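Comments concern the structure below.
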Amino acid sequence: MELKKRIIRGIRYWQILGLVSASLLIYMCLPFLDAIIYGIFLYYVARPLYVIIHRRVHHDTIGAFVALFAIILPIILILLYTLSVAFNEFSTLLSSADISIEYLNEIIYKYGALARNLEPHEIMDLFVRNSGLGDSFFIPITLIVGVILKLFIMLTTAFYLLKDGSRLREWIVRITFGKGNALANKFLNATDESLHMVFFGSIITAIVTAVDGMLVYTLLNQIAPPGMRIPYEVLMGILSGMATLIPGIGIKFVWVPLLGYLGLQGYLAGTLASSFWFLLLFFVVVNIIVDFMPDIILRPYVSGKDVHKGMIMLAFIFGPLVFGIKGIFLGPIILILVTEFMKHVLPEIRH
């Protein structure tokens with residue numbers, strides 16, 4: 001009896017140690033939960049491409065690297081294109097405001113000369129006496145470092161899930177539930193398939209919407225009245241695709257302000273009444289072809305059939321309201337975990 005008590009006491013000590021270790025691990029990862037969630041989303045987006053590449057090269061590391069690079073490269077190109085558009089608009093704004101480059105250079109040279117004449121101790125005294133100045137200098141640097149760190153964590157999470165995800169899952173099932181646990185494998189397989197369909201389906205819908213938007217905006221520009229052309233139709237199409245990930249609002253976040261902009265342009269040009277037909281055409285065509293059709297017709301086919309579409313929509317809405325931006329992806333993850341648990345695990349527990 002005494003030996004049995006010692007064994008039970010020893011098991012409890014090990015359980016306490018495991019609970020404390022797991023709690024510390026969760027506490028350590030919580031500040032970077034958003035980066036980990038984004039990494040999981042990126043993993044599901046890149047996995048179909050990884051499978052295709054891995055069949056050809058038969059190398060986990062190369063396949064994961066190439067798949068992630070193929071996903072990230074278009075994002076970088078979109079950002080560069082957006083920055084170039086912003087730079088062109090800023091240059092136009094400077095020209096229209098009569099702010100000459102020579103005047104800006106003169107200001108920069110004047111303050112640069114002043115900074116060069118300051119001694120190091122004078123600079124330190126300046127920061128000590130004006131704490132707000134130090135905050136305004138160091139806070140942007142801290143934010144930039146934080147963004148870079150979270151990008152690294154996101155890419156690292158996606159990379160190792162692509163490379164070792166299946167082995168990691170097998171190890172967790174074997175350690176936690178024992179070898180050959182059919183229920184655990186069934187639950188994880190169903191969860192994995194549902195997450196893949198929801199996340200990859202969302203990206204497919206975004207891509208189709210972006211291409212659809214670019215074509216529609218370009219064609220509308222061919223018949224647009226003078227002064228009411230859609231600006232940067234390619235960028236507007238890309239933004240429309242990205243806006244499909246915004247819960248509830250969707251691409252209305254793009255085309256409703258764009259419609260208001262076109263109406264304002266017509267009003268300022270004095271052609272609003274004569275060009276009202278174009279605004280009406282824009283409203284009907286964009287609302288049906290770009291907004292309604294991809295979301296209603298395409299999304300049900302690419303987002304899976306095991307999870308109710310209304311529940312997914314609510315998860316996309318409630319997630320950001322509760323968890324912030326990361327909730328766009330964390331909300332569906334929680335919903336799918338609960339749904340698959342109730343579908344596969346709960347009946348077994350009840351029996």
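Ligands are numbered from 1 in the order shown, residues from 1 within each chain, and chains are lettered A, B, ... in the order they appear in the structure tokens.
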(request) Give me the residues within 12 Å of Leu321 of chain A as a list of chain:residue names, counting only C-alpha atoms and dropping any in the same chain fewer than 5 places off. (result)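 So, after excluding close chain neighbours, the residues are A:Ile246, A:Pro247, A:Gly248, A:Leu314, A:Ala315, A:Phe316, A:Lys326, A:Gly327, A:Ile328, A:Phe329, A:Leu330, A:Gly331.
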(request) Give me the residues within 10 Å of segment 189-203 of chain A as a ChimeraX atom specification, counting only C-alpha atoms and dropping any in the same chain fewer than 2 places off. (result) /A:40-48,183-187,205-209,241-242,244-245,295,298-307,309,312,329,332-333,335-341,343-344
(request) Could you jot down the atom CA of Tyr267 of chain A to atom CA of Phe87 of chain A separation for me, Å, one decimal place? (result)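 About the pair atom CA of Tyr267 of chain A and atom CA of Phe87 of chain A: they are 26.9 Å apart.
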Find the spatial neighbours of Phe278 of chain A, counting only C-alpha atoms, within a cut-off of 9 Å - ignore same-chain residues fewer than 6 positions away - and output them as a PDB file with C-alpha atoms, in the first residue's frame.
ATOM      1  CA  LEU A 220     -15.683  50.322 -67.264  1.00  0.00           C
ATOM      2  CA  ILE A 223     -16.782  53.812 -71.533  1.00  0.00           C
ATOM      3  CA  ALA A 224     -16.249  56.187 -68.598  1.00  0.00           C
ATOM      4  CA  PRO A 225     -17.197  59.849 -69.199  1.00  0.00           C
ATOM      5  CA  MET A 228     -14.874  59.974 -64.114  1.00  0.00           C
TER       6      MET A 228
END
(request) Write out as a ChimeraX atom specification the residues lying within 7 Å of Phe159 of chain A, counting only C-alpha atoms and excluding same-chain residues fewer than 4 positions away. (result) /A:64-65,155,163
Atoms to include: C-alpha atoms. Write the selected residues as a PDB file, in the first residue's frame.
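File written: selection.pdb
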ATOM      1  CA  ALA A  64       9.016  24.428 -48.249  1.00  0.00           C
ATOM      2  CA  PHE A  65      11.360  27.269 -49.223  1.00  0.00           C
ATOM      3  CA  LEU A 155       7.671  32.629 -41.831  1.00  0.00           C
ATOM      4  CA  LYS A 163       8.646  20.760 -43.685  1.00  0.00           C
TER       5      LYS A 163
END
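Taking atom CA of Val345 of chain A and atom CA of Asn181 of chain A as the two end points, the separation is 12.1 Å.
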(message) Please extract the residues of segment 150-269 of chain A with a backbone DSSP assignment of alpha helix (DSSP H) and present them as a PyMOL selection string.
(response) chain A and resi 150-177+182-222+233-243+252-269
